[in-house]
Each structure stands twice: as C-alpha cells, then as structure tokens.
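Chemist: Sharing query27.pdb here; it has PDB, C-alpha atoms and all ligand atoms.
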ATOM      1  CA  MET A 239      -5.682 -16.321  20.314  1.00  0.00           C
ATOM      2  CA  ARG A 240      -4.358 -16.279  16.732  1.00  0.00           C
ATOM      3  CA  MET A 241      -6.150 -13.654  14.701  1.00  0.00           C
ATOM      4  CA  ASN A 242      -5.525 -13.135  11.017  1.00  0.00           C
ATOM      5  CA  ILE A 243      -7.452 -10.470   9.138  1.00  0.00           C
ATOM      6  CA  ALA A 244      -7.985 -10.946   5.399  1.00  0.00           C
ATOM      7  CA  ILE A 245      -8.813  -7.841   3.352  1.00  0.00           C
ATOM      8  CA  ASP A 246      -9.702  -8.248  -0.306  1.00  0.00           C
ATOM      9  CA  GLY A 247     -11.064  -5.840  -2.845  1.00  0.00           C
ATOM     10  CA  PRO A 248     -10.469  -4.105  -6.168  1.00  0.00           C
ATOM     11  CA  ALA A 249      -7.607  -1.746  -6.994  1.00  0.00           C
ATOM     12  CA  GLY A 250      -7.879   1.671  -5.372  1.00  0.00           C
ATOM     13  CA  ALA A 251     -10.399   0.738  -2.667  1.00  0.00           C
ATOM     14  CA  GLY A 252      -7.910   1.885  -0.009  1.00  0.00           C
ATOM     15  CA  LYS A 253      -6.913  -1.601   1.157  1.00  0.00           C
ATOM     16  CA  SER A 254      -3.257  -0.876   1.849  1.00  0.00           C
ATOM     17  CA  THR A 255      -3.832   2.422   3.702  1.00  0.00           C
ATOM     18  CA  ILE A 256      -6.534   0.837   5.849  1.00  0.00           C
ATOM     19  CA  ALA A 257      -4.695  -2.468   6.411  1.00  0.00           C
ATOM     20  CA  LYS A 258      -1.527  -0.623   7.486  1.00  0.00           C
ATOM     21  CA  ARG A 259      -3.451   1.480  10.005  1.00  0.00           C
ATOM     22  CA  ILE A 260      -5.265  -1.539  11.440  1.00  0.00           C
ATOM     23  CA  ALA A 261      -2.033  -3.526  11.747  1.00  0.00           C
ATOM     24  CA  LYS A 262      -0.390  -0.628  13.581  1.00  0.00           C
ATOM     25  CA  GLU A 263      -3.287  -0.145  16.007  1.00  0.00           C
ATOM     26  CA  LEU A 264      -3.577  -3.867  16.787  1.00  0.00           C
ATOM     27  CA  GLY A 265       0.165  -4.611  16.788  1.00  0.00           C
ATOM     28  CA  PHE A 266      -0.232  -7.078  13.898  1.00  0.00           C
ATOM     29  CA  VAL A 267       2.093  -7.506  10.916  1.00  0.00           C
ATOM     30  CA  TYR A 268       0.874  -5.945   7.661  1.00  0.00           C
ATOM     31  CA  VAL A 269       1.370  -8.081   4.556  1.00  0.00           C
ATOM     32  CA  ASP A 270       0.784  -6.424   1.162  1.00  0.00           C
ATOM     33  CA  THR A 271       0.452  -9.357  -1.240  1.00  0.00           C
ATOM     34  CA  GLY A 272       0.013  -7.102  -4.292  1.00  0.00           C
ATOM     35  CA  ALA A 273       3.620  -6.001  -3.756  1.00  0.00           C
ATOM     36  CA  MET A 274       4.726  -9.619  -4.239  1.00  0.00           C
ATOM     37  CA  TYR A 275       2.884  -9.917  -7.570  1.00  0.00           C
ATOM     38  CA  ARG A 276       4.397  -6.573  -8.547  1.00  0.00           C
ATOM     39  CA  ALA A 277       7.935  -7.800  -7.720  1.00  0.00           C
ATOM     40  CA  MET A 278       7.454 -10.832  -9.961  1.00  0.00           C
ATOM     41  CA  ALA A 279       6.027  -8.572 -12.671  1.00  0.00           C
ATOM     42  CA  LEU A 280       9.073  -6.302 -12.436  1.00  0.00           C
ATOM     43  CA  TYR A 281      11.359  -9.280 -13.036  1.00  0.00           C
ATOM     44  CA  ILE A 282       9.244 -10.335 -16.036  1.00  0.00           C
ATOM     45  CA  LEU A 283       9.390  -6.782 -17.445  1.00  0.00           C
ATOM     46  CA  ARG A 284      13.157  -6.633 -16.957  1.00  0.00           C
ATOM     47  CA  LYS A 285      13.504  -9.906 -18.864  1.00  0.00           C
ATOM     48  CA  GLY A 286      11.559  -8.310 -21.726  1.00  0.00           C
ATOM     49  CA  LEU A 287       8.910 -11.036 -21.688  1.00  0.00           C
ATOM     50  CA  ASP A 288       5.425 -10.414 -22.965  1.00  0.00           C
ATOM     51  CA  ALA A 289       2.559 -10.834 -20.472  1.00  0.00           C
ATOM     52  CA  SER A 290       0.942 -13.361 -22.834  1.00  0.00           C
ATOM     53  CA  ASP A 291       4.048 -15.614 -22.841  1.00  0.00           C
ATOM     54  CA  GLU A 292       2.940 -18.108 -20.183  1.00  0.00           C
ATOM     55  CA  GLN A 293       5.585 -20.688 -21.122  1.00  0.00           C
ATOM     56  CA  GLY A 294       8.374 -18.134 -20.964  1.00  0.00           C
ATOM     57  CA  ILE A 295       7.124 -16.882 -17.592  1.00  0.00           C
ATOM     58  CA  ALA A 296       6.821 -20.423 -16.213  1.00  0.00           C
ATOM     59  CA  ALA A 297      10.410 -21.086 -17.308  1.00  0.00           C
ATOM     60  CA  ILE A 298      11.834 -18.185 -15.266  1.00  0.00           C
ATOM     61  CA  CYS A 299       9.633 -18.595 -12.160  1.00  0.00           C
ATOM     62  CA  ASP A 300      12.221 -20.692 -10.325  1.00  0.00           C
ATOM     63  CA  ALA A 301      14.806 -17.930 -10.746  1.00  0.00           C
ATOM     64  CA  ILE A 302      12.601 -15.395  -8.950  1.00  0.00           C
ATOM     65  CA  HIS A 303      13.023 -15.064  -5.188  1.00  0.00           C
ATOM     66  CA  VAL A 304      10.631 -12.695  -3.485  1.00  0.00           C
ATOM     67  CA  GLU A 305      11.199 -11.886   0.175  1.00  0.00           C
ATOM     68  CA  ILE A 306       9.477  -9.599   2.607  1.00  0.00           C
ATOM     69  CA  ARG A 307      11.286  -7.776   5.374  1.00  0.00           C
ATOM     70  CA  TYR A 308      10.310  -5.044   7.776  1.00  0.00           C
ATOM     71  CA  CYS A 309      12.223  -1.856   8.433  1.00  0.00           C
ATOM     72  CA  ASP A 310      10.745   0.461  11.124  1.00  0.00           C
ATOM     73  CA  GLY A 311       7.429  -1.341  10.675  1.00  0.00           C
ATOM     74  CA  GLU A 312       7.382  -0.693   6.888  1.00  0.00           C
ATOM     75  CA  GLN A 313       7.206  -3.650   4.544  1.00  0.00           C
ATOM     76  CA  GLN A 314      10.038  -3.863   2.052  1.00  0.00           C
ATOM     77  CA  VAL A 315      10.000  -6.208  -0.915  1.00  0.00           C
ATOM     78  CA  LEU A 316      13.188  -7.866  -2.049  1.00  0.00           C
ATOM     79  CA  LEU A 317      13.540  -9.289  -5.540  1.00  0.00           C
ATOM     80  CA  ASN A 318      16.505 -11.655  -5.626  1.00  0.00           C
ATOM     81  CA  GLY A 319      17.992  -9.676  -2.746  1.00  0.00           C
ATOM     82  CA  GLU A 320      17.375  -6.208  -4.256  1.00  0.00           C
ATOM     83  CA  ASP A 321      15.019  -3.787  -2.497  1.00  0.00           C
ATOM     84  CA  VAL A 322      12.449  -2.951  -5.204  1.00  0.00           C
ATOM     85  CA  SER A 323       9.819  -1.381  -2.910  1.00  0.00           C
ATOM     86  CA  THR A 324       9.812   1.894  -4.878  1.00  0.00           C
ATOM     87  CA  GLN A 325      10.139   0.582  -8.445  1.00  0.00           C
ATOM     88  CA  ILE A 326       7.161  -1.746  -8.084  1.00  0.00           C
ATOM     89  CA  ARG A 327       4.818   1.214  -7.581  1.00  0.00           C
ATOM     90  CA  GLN A 328       5.017   2.254 -11.246  1.00  0.00           C
ATOM     91  CA  GLU A 329       1.777   2.015 -13.235  1.00  0.00           C
ATOM     92  CA  GLU A 330       3.464  -0.236 -15.814  1.00  0.00           C
ATOM     93  CA  VAL A 331       4.432  -2.728 -13.109  1.00  0.00           C
ATOM     94  CA  GLY A 332       0.889  -2.742 -11.656  1.00  0.00           C
ATOM     95  CA  ASN A 333      -0.599  -3.523 -15.048  1.00  0.00           C
ATOM     96  CA  MET A 334       1.962  -6.273 -15.655  1.00  0.00           C
ATOM     97  CA  ALA A 335       1.191  -7.701 -12.187  1.00  0.00           C
ATOM     98  CA  SER A 336      -2.505  -7.822 -13.010  1.00  0.00           C
ATOM     99  CA  ALA A 337      -1.795  -9.523 -16.355  1.00  0.00           C
ATOM    100  CA  THR A 338       0.702 -12.112 -15.042  1.00  0.00           C
ATOM    101  CA  SER A 339      -1.094 -12.941 -11.784  1.00  0.00           C
ATOM    102  CA  VAL A 340      -3.488 -15.040 -13.880  1.00  0.00           C
ATOM    103  CA  TYR A 341      -0.864 -17.790 -14.227  1.00  0.00           C
ATOM    104  CA  GLY A 342      -0.809 -20.807 -11.912  1.00  0.00           C
ATOM    105  CA  CYS A 343       3.005 -20.830 -11.751  1.00  0.00           C
ATOM    106  CA  VAL A 344       3.026 -17.261 -10.384  1.00  0.00           C
ATOM    107  CA  ARG A 345       0.185 -17.780  -7.904  1.00  0.00           C
ATOM    108  CA  THR A 346       1.396 -21.114  -6.481  1.00  0.00           C
ATOM    109  CA  LYS A 347       4.735 -19.599  -5.583  1.00  0.00           C
ATOM    110  CA  LEU A 348       3.338 -16.493  -3.903  1.00  0.00           C
ATOM    111  CA  VAL A 349       0.425 -18.142  -2.098  1.00  0.00           C
ATOM    112  CA  ALA A 350       2.904 -20.503  -0.368  1.00  0.00           C
ATOM    113  CA  LEU A 351       4.996 -17.532   0.780  1.00  0.00           C
ATOM    114  CA  GLN A 352       1.904 -15.701   2.043  1.00  0.00           C
ATOM    115  CA  GLN A 353       0.677 -18.737   3.992  1.00  0.00           C
ATOM    116  CA  GLN A 354       4.111 -19.107   5.602  1.00  0.00           C
ATOM    117  CA  LEU A 355       4.014 -15.474   6.743  1.00  0.00           C
ATOM    118  CA  ALA A 356       0.587 -15.923   8.337  1.00  0.00           C
ATOM    119  CA  ALA A 357       1.394 -19.234  10.016  1.00  0.00           C
ATOM    120  CA  THR A 358       3.523 -17.833  12.816  1.00  0.00           C
ATOM    121  CA  GLN A 359       2.247 -14.313  13.516  1.00  0.00           C
ATOM    122  CA  ASN A 360      -0.984 -12.296  13.532  1.00  0.00           C
ATOM    123  CA  VAL A 361      -1.287 -10.605  10.169  1.00  0.00           C
ATOM    124  CA  VAL A 362      -3.476  -8.126   8.369  1.00  0.00           C
ATOM    125  CA  MET A 363      -3.075  -9.339   4.805  1.00  0.00           C
ATOM    126  CA  ASP A 364      -4.515  -7.555   1.799  1.00  0.00           C
ATOM    127  CA  GLY A 365      -4.950  -8.722  -1.780  1.00  0.00           C
ATOM    128  CA  ARG A 366      -7.527 -10.273  -4.092  1.00  0.00           C
ATOM    129  CA  ASP A 367      -7.757 -13.916  -2.944  1.00  0.00           C
ATOM    130  CA  ILE A 368      -6.812 -13.786   0.722  1.00  0.00           C
ATOM    131  CA  GLY A 369     -10.219 -14.706   2.160  1.00  0.00           C
ATOM    132  CA  THR A 370     -11.073 -17.151  -0.631  1.00  0.00           C
ATOM    133  CA  CYS A 371      -7.756 -18.950  -1.125  1.00  0.00           C
ATOM    134  CA  VAL A 372      -4.724 -17.888   0.948  1.00  0.00           C
ATOM    135  CA  LEU A 373      -6.329 -17.771   4.413  1.00  0.00           C
ATOM    136  CA  PRO A 374      -9.707 -19.515   4.051  1.00  0.00           C
ATOM    137  CA  ASP A 375      -9.902 -19.951   7.862  1.00  0.00           C
ATOM    138  CA  ALA A 376      -9.156 -16.329   8.776  1.00  0.00           C
ATOM    139  CA  PRO A 377     -11.473 -15.365  11.664  1.00  0.00           C
ATOM    140  CA  LEU A 378     -12.184 -11.977  10.067  1.00  0.00           C
ATOM    141  CA  LYS A 379     -12.558 -11.373   6.334  1.00  0.00           C
ATOM    142  CA  ILE A 380     -13.340  -7.990   4.824  1.00  0.00           C
ATOM    143  CA  TYR A 381     -14.302  -7.225   1.233  1.00  0.00           C
ATOM    144  CA  LEU A 382     -13.403  -3.559   0.868  1.00  0.00           C
ATOM    145  CA  THR A 383     -14.739  -1.798  -2.168  1.00  0.00           C
ATOM    146  CA  ALA A 384     -15.750   1.639  -3.510  1.00  0.00           C
ATOM    147  CA  SER A 385     -17.349   2.835  -6.731  1.00  0.00           C
ATOM    148  CA  VAL A 386     -15.150   3.095  -9.842  1.00  0.00           C
ATOM    149  CA  GLU A 387     -15.710   6.885  -9.857  1.00  0.00           C
ATOM    150  CA  THR A 388     -14.565   7.248  -6.228  1.00  0.00           C
ATOM    151  CA  ARG A 389     -11.496   5.081  -6.779  1.00  0.00           C
ATOM    152  CA  ALA A 390     -10.531   6.980  -9.926  1.00  0.00           C
ATOM    153  CA  GLN A 391     -11.002  10.355  -8.181  1.00  0.00           C
ATOM    154  CA  ARG A 392      -8.798   9.222  -5.274  1.00  0.00           C
ATOM    155  CA  ARG A 393      -6.050   8.054  -7.657  1.00  0.00           C
ATOM    156  CA  TYR A 394      -6.341  11.284  -9.674  1.00  0.00           C
ATOM    157  CA  ARG A 395      -5.921  13.421  -6.544  1.00  0.00           C
ATOM    158  CA  GLU A 396      -3.005  11.285  -5.328  1.00  0.00           C
ATOM    159  CA  LEU A 397      -1.152  11.758  -8.644  1.00  0.00           C
ATOM    160  CA  CYS A 398      -1.987  15.498  -8.812  1.00  0.00           C
ATOM    161  CA  ASP A 399      -0.671  15.936  -5.247  1.00  0.00           C
ATOM    162  CA  LYS A 400       2.598  14.357  -6.384  1.00  0.00           C
ATOM    163  CA  GLY A 401       2.712  16.841  -9.294  1.00  0.00           C
ATOM    164  CA  ILE A 402       2.160  14.086 -11.871  1.00  0.00           C
ATOM    165  CA  SER A 403      -0.107  15.177 -14.739  1.00  0.00           C
ATOM    166  CA  CYS A 404      -2.892  12.686 -15.448  1.00  0.00           C
ATOM    167  CA  ASP A 405      -6.264  12.239 -17.056  1.00  0.00           C
ATOM    168  CA  LEU A 406      -9.275  11.224 -14.974  1.00  0.00           C
ATOM    169  CA  GLN A 407     -11.003   9.366 -17.827  1.00  0.00           C
ATOM    170  CA  ALA A 408      -7.832   7.374 -18.576  1.00  0.00           C
ATOM    171  CA  ILE A 409      -7.494   6.430 -14.885  1.00  0.00           C
ATOM    172  CA  MET A 410     -11.114   5.309 -14.811  1.00  0.00           C
ATOM    173  CA  LYS A 411     -10.617   3.140 -17.906  1.00  0.00           C
ATOM    174  CA  ASP A 412      -7.467   1.635 -16.401  1.00  0.00           C
ATOM    175  CA  ILE A 413      -9.303   0.770 -13.160  1.00  0.00           C
ATOM    176  CA  GLU A 414     -12.201  -0.805 -15.058  1.00  0.00           C
ATOM    177  CA  GLU A 415      -9.856  -2.928 -17.146  1.00  0.00           C
ATOM    178  CA  ARG A 416      -7.917  -4.069 -14.101  1.00  0.00           C
ATOM    179  CA  ASP A 417     -11.134  -4.906 -12.194  1.00  0.00           C
ATOM    180  CA  TYR A 418     -12.341  -6.966 -15.143  1.00  0.00           C
ATOM    181  CA  ARG A 419      -9.059  -8.911 -15.418  1.00  0.00           C
ATOM    182  CA  ASP A 420      -8.822  -9.516 -11.646  1.00  0.00           C
ATOM    183  CA  MET A 421     -12.469 -10.638 -11.403  1.00  0.00           C
ATOM    184  CA  HIS A 422     -12.586 -12.830 -14.503  1.00  0.00           C
ATOM    185  CA  ARG A 423      -9.343 -14.805 -14.394  1.00  0.00           C
ATOM    186  CA  GLU A 424      -9.632 -18.554 -14.145  1.00  0.00           C
ATOM    187  CA  ILE A 425      -7.546 -19.126 -10.985  1.00  0.00           C
ATOM    188  CA  SER A 426      -8.625 -17.442  -7.734  1.00  0.00           C
ATOM    189  CA  PRO A 427     -10.509 -14.514  -9.253  1.00  0.00           C
ATOM    190  CA  LEU A 428     -11.294 -11.530  -7.055  1.00  0.00           C
ATOM    191  CA  ARG A 429     -14.616 -12.144  -5.342  1.00  0.00           C
ATOM    192  CA  GLN A 430     -16.144 -11.623  -1.930  1.00  0.00           C
ATOM    193  CA  ALA A 431     -15.745 -14.744   0.225  1.00  0.00           C
ATOM    194  CA  ASP A 432     -19.096 -16.100   1.437  1.00  0.00           C
ATOM    195  CA  ASP A 433     -18.194 -15.271   5.041  1.00  0.00           C
ATOM    196  CA  ALA A 434     -16.598 -11.864   4.349  1.00  0.00           C
ATOM    197  CA  VAL A 435     -18.074  -8.595   5.600  1.00  0.00           C
ATOM    198  CA  LEU A 436     -18.708  -6.114   2.779  1.00  0.00           C
ATOM    199  CA  VAL A 437     -17.426  -2.592   3.483  1.00  0.00           C
ATOM    200  CA  ASP A 438     -18.132   0.043   0.818  1.00  0.00           C
ATOM    201  CA  SER A 439     -15.816   2.970   1.507  1.00  0.00           C
ATOM    202  CA  SER A 440     -17.283   5.273  -1.195  1.00  0.00           C
ATOM    203  CA  ASP A 441     -18.846   7.574   1.401  1.00  0.00           C
ATOM    204  CA  MET A 442     -16.618   6.769   4.372  1.00  0.00           C
ATOM    205  CA  THR A 443     -13.447   8.420   5.647  1.00  0.00           C
ATOM    206  CA  ILE A 444     -10.323   6.351   6.292  1.00  0.00           C
ATOM    207  CA  ASP A 445     -10.886   6.779  10.058  1.00  0.00           C
ATOM    208  CA  GLU A 446     -14.439   5.458   9.746  1.00  0.00           C
ATOM    209  CA  VAL A 447     -13.342   2.372   7.809  1.00  0.00           C
ATOM    210  CA  VAL A 448     -10.516   1.670  10.282  1.00  0.00           C
ATOM    211  CA  ALA A 449     -12.866   2.042  13.263  1.00  0.00           C
ATOM    212  CA  CYS A 450     -15.430  -0.251  11.625  1.00  0.00           C
ATOM    213  CA  ILE A 451     -12.904  -3.047  10.975  1.00  0.00           C
ATOM    214  CA  ILE A 452     -11.249  -2.751  14.389  1.00  0.00           C
ATOM    215  CA  GLY A 453     -14.713  -2.952  15.972  1.00  0.00           C
ATOM    216  CA  LEU A 454     -15.438  -6.157  14.042  1.00  0.00           C
ATOM    217  CA  CYS A 455     -12.056  -7.578  15.032  1.00  0.00           C
ATOM    218  CA  LYS A 456     -12.639  -6.895  18.735  1.00  0.00           C
ATOM    219  CA  GLU A 457     -16.062  -8.549  18.485  1.00  0.00           C
ATOM    220  CA  ARG A 458     -14.510 -11.677  16.954  1.00  0.00           C
ATOM    221  CA  MET A 459     -11.727 -11.806  19.531  1.00  0.00           C
ATOM    222  CA  ALA A 460     -14.094 -11.396  22.524  1.00  0.00           C
TER     223      ALA A 460
HETATM  224  O1  LIG B   1      -3.004  -4.549  -4.974  1.00  0.00           O
HETATM  225  P1  LIG B   1      -2.074  -4.204  -6.142  1.00  0.00           P
HETATM  226  O2  LIG B   1      -2.630  -3.176  -7.087  1.00  0.00           O
HETATM  227  O3  LIG B   1      -0.699  -3.859  -5.676  1.00  0.00           O
HETATM  228  O4  LIG B   1      -1.957  -5.592  -6.973  1.00  0.00           O
HETATM  229  C1  LIG B   1      -1.383  -5.661  -8.243  1.00  0.00           C
HETATM  230  C2  LIG B   1      -1.975  -6.839  -9.012  1.00  0.00           C
HETATM  231  O5  LIG B   1      -1.567  -8.071  -8.410  1.00  0.00           O
HETATM  232  C3  LIG B   1      -3.494  -6.904  -9.046  1.00  0.00           C
HETATM  233  O6  LIG B   1      -4.035  -6.220 -10.168  1.00  0.00           O
HETATM  234  C4  LIG B   1      -3.803  -8.375  -9.123  1.00  0.00           C
HETATM  235  C5  LIG B   1      -2.615  -9.031  -8.497  1.00  0.00           C
HETATM  236  N1  LIG B   1      -2.887  -9.574  -7.172  1.00  0.00           N
HETATM  237  C6  LIG B   1      -3.443 -10.838  -7.121  1.00  0.00           C
HETATM  238  O7  LIG B   1      -3.756 -11.419  -8.150  1.00  0.00           O
HETATM  239  N2  LIG B   1      -3.652 -11.429  -5.908  1.00  0.00           N
HETATM  240  C7  LIG B   1      -3.333 -10.793  -4.768  1.00  0.00           C
HETATM  241  N3  LIG B   1      -3.530 -11.418  -3.587  1.00  0.00           N
HETATM  242  C8  LIG B   1      -2.791  -9.491  -4.806  1.00  0.00           C
HETATM  243  C9  LIG B   1      -2.594  -8.895  -6.029  1.00  0.00           C
END
Could you render the structure from this file as structure tokens?
Ligand code: DC
Modeler:
Amino acid sequence: MRMNIAIDGPAGAGKSTIAKRIAKELGFVYVDTGAMYRAMALYILRKGLDASDEQGIAAICDAIHVEIRYCDGEQQVLLNGEDVSTQIRQEEVGNMASATSVYGCVRTKLVALQQQLAATQNVVMDGRDIGTCVLPDAPLKIYLTASVETRAQRRYRELCDKGISCDLQAIMKDIEERDYRDMHREISPLRQADDAVLVDSSDMTIDEVVACIIGLCKERMA
C-alpha cells in the first residue's frame, strides 16, 4: 500500500528532526520542502533582487533548477547543479524563503517537483502546505506545532550549542514574524488541514512525538 505522510507546521516545531526519524524507521524517503524554497531564495539573494520585486523574481524563475538527491540517506539540494545544502541554512536565506514563497511563480514550480517525488515512492514530506495543497490525498496528515516560547528556546539552545551568540527576544520576534507571513499569505497559507491530526510538541520529547506519529501511521496502514 502506498503511504505518504504529510507534516506541516510553523518554523521551529521540530518538523525536520521528527520527519527524518520517522522516514528512517519506516524506510520511507524524507522530503524537506523548505529546503527547496530556501534554494530558490538563495538564487534570488545571489542575483541581488529584493523580496518585494515579484516581476523580477518571476523573470528569473525559469533559470532556477532545483533538484533533490540522496547521499547516505541524507537529502541534498542542488541549485543549478551546485550542492547548496549548507548555504541554505543561513538565517538570511530562511527569511528570504519565507518572503518569496508567497509568489505563485515560486510555488507552482516547487509544488510540481514535490508531487513528482511523492508519486513513485513512500515519502514523509514536511513543509507548510503539504496536507492542504501538495498531497491533499495523503493517508496521514500531521500538523506539528509548539508554543512560540518553546520554539524560540529550542532555536536559542541550538545556536548556543554551536557557539553562535544570539538573543532570545530577537529569535522570538523573528519566529513570530515568520509565522505571521507563512499563515497570512494569499496562496496556500500555513494552516491545519481539516483531516490533519494536531500534535503539540511543547511538552513532548522527540521520541514521544516520533512514537505518536508512527503509531498513527501503523493504525492507518492496518
Ligand atoms: O521549513 P523552512 O524554515 O526550511 O522553510 C523556509 C520557508 O519556506 C518558510 O518560512 C515558508 C516556506 N515554505 C513554504 O512556503 N512551503 C513549504 N512547503 C515549505 C516552506
């Protein structure tokens, strides 16, 4: 039986960590769609375009080729043949991705690629519009969230552990702004699909969230 799992939710809810673990345990392919929006954003930044320049962005869309490949089970993102998996993790790229993912020209291109990836293999796909738009027929949809405070604390600890100095209040503000943009854009805003299961990870460990979703998946497959 084909089984795609759609995981949506706001930035910092732990989607990628959880989705990766679930994919590994179930032998599914993990698809991080945010990485695709980030790759496009990196190209836009490199071209020196402003996020508000929709016409300029639409004009270069055809020149952007995003590909996904897997190396030892890890997803790598190629931008016009270049592996940009590390560069796209910068804060600046994430903010640009949030700002430019509002445009139809950007979304149409990436949604088609995501649907192709899910058409031939079992995937655990995470993003903002997977359950509502990319895979509306996915047998299992999860809306994974956590409070703004919890998400900011997690991000703060992650950066501190990497030795990067940061400010908790600034991180919180950044998360709130990104949530607002992702939830209020005109095309495919972030929202819980009607048939998605809500999982609030604020007071749950990663293991608990993984076990909960795998349990739901096994129920659906039975
Ligand atoms: O999940 P992330 O932080 O890597 O995503 C970066 C941005 O990309 C996010 O703020 C909104 C956008 N995005 C989107 O619009 N739709 C998706 N399916 C995934 C990400």
Chemist: How big is the axis-aligned box around all listed atoms of ligand LIG 1 (chain B) once 8 Å goes on each side, and where's its centre, in Å to one decimal, as AutoDock Vina command-line options?
Modeler:
--center_x -2.4 --center_y -7.3 --center_z -6.9 --size_x 19.3 --size_y 24.3 --size_z 22.6
Chemist: Can you measure CA of Arg416 (chain A) to CA of Tyr341 (chain A) for me? One decimal in Å is fine.
Modeler: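 Straight-line distance from CA of Arg416 (chain A) to CA of Tyr341 (chain A) works out to 15.4 Å.
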Chemist: Select the residues contacting ligand LIG 1 (chain B) at a distance of at most 6 Å, based on only C-alpha atoms and all ligand atoms, then format the selection as a VMD selection string.
Modeler: chain A and resid 249 271 to 273 275 to 276 332 335 to 336 339 365 to 368 416 420
Chemist: Determine the residue membership of the PyMOL selection byres (((chain A and resi 456) around 12) and not hetatm) for the file above and supply it as a list in words.
Modeler: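 Written out, the selection comes to Met239, Met241, Ile243, Ile260, Glu263, Leu264, Pro377, Leu378, Ala449, Cys450, Ile451, Ile452, Gly453, Leu454, Cys455, Glu457, Arg458, Met459 and Ala460 of chain A.
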Chemist: Take the PyMOL selection byres (((chain A and resi 393-400) around 12) and not hetatm), apply it to the structure above, and return the hits as a list in words.
Modeler: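 So the PyMOL selection byres (((chain A and resi 393-400) around 12) and not hetatm) ends up selecting Ala249, Gly250, Ala251, Gly252, Gln328, Glu329, Val386, Glu387, Thr388, Arg389, Ala390, Gln391, Arg392, Gly401, Ile402, Ser403, Cys404, Asp405, Leu406, Gln407, Ala408, Ile409, Met410, Asp412 and Ile413 of chain A.
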Chemist: Go through the shown structure with the PyMOL selection byres (((chain A and resi 278) around 10) and not hetatm) and write out the matching residues as a list in words.
Modeler: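 Listing what the PyMOL selection byres (((chain A and resi 278) around 10) and not hetatm) selects in the shown file: Ala273, Met274, Tyr275, Arg276, Ala277, Ala279, Leu280, Tyr281, Ile282, Leu283, Arg284, Ile295, Cys299, Ile302, His303, Val304, Leu317, Ile326, Val331, Met334, Ala335, Thr338, Ser339, Val344 and Leu348 of chain A.
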Chemist: Please list as a PyMOL selection string every residue within 8 Å of Ser439 (chain A), counting only C-alpha atoms and excluding residues in the same chain fewer than 5 positions away.
Modeler: chain A and resi 251+382-384+447
Chemist: Using Å and a single decimal, report how far CA of Cys371 (chain A) sits from CA of Ala244 (chain A).
Modeler: 10.3 Å
Chemist: Could you tell me how far CA of Ile245 (chain A) sits from CA of Val437 (chain A), in Å to one decimal place?
Modeler: 10.1 Å
Chemist: Find the residue from A:Pro374, A:Gly369, A:Gly286, A:Gly311 that sits nearest to Val267 (chain A); use all atoms listed in the file when measuring.
Modeler: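 Smallest separation from Val267 (chain A) among the options: A:Gly311.
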Chemist: So, counting only C-alpha atoms, which residue among A:Asp364, A:Asp288, A:Glu446, A:Asp300 is closest to Lys258 (chain A)?
Modeler: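 Once distances to Lys258 (chain A) are computed over only C-alpha atoms, the minimum belongs to A:Asp364.
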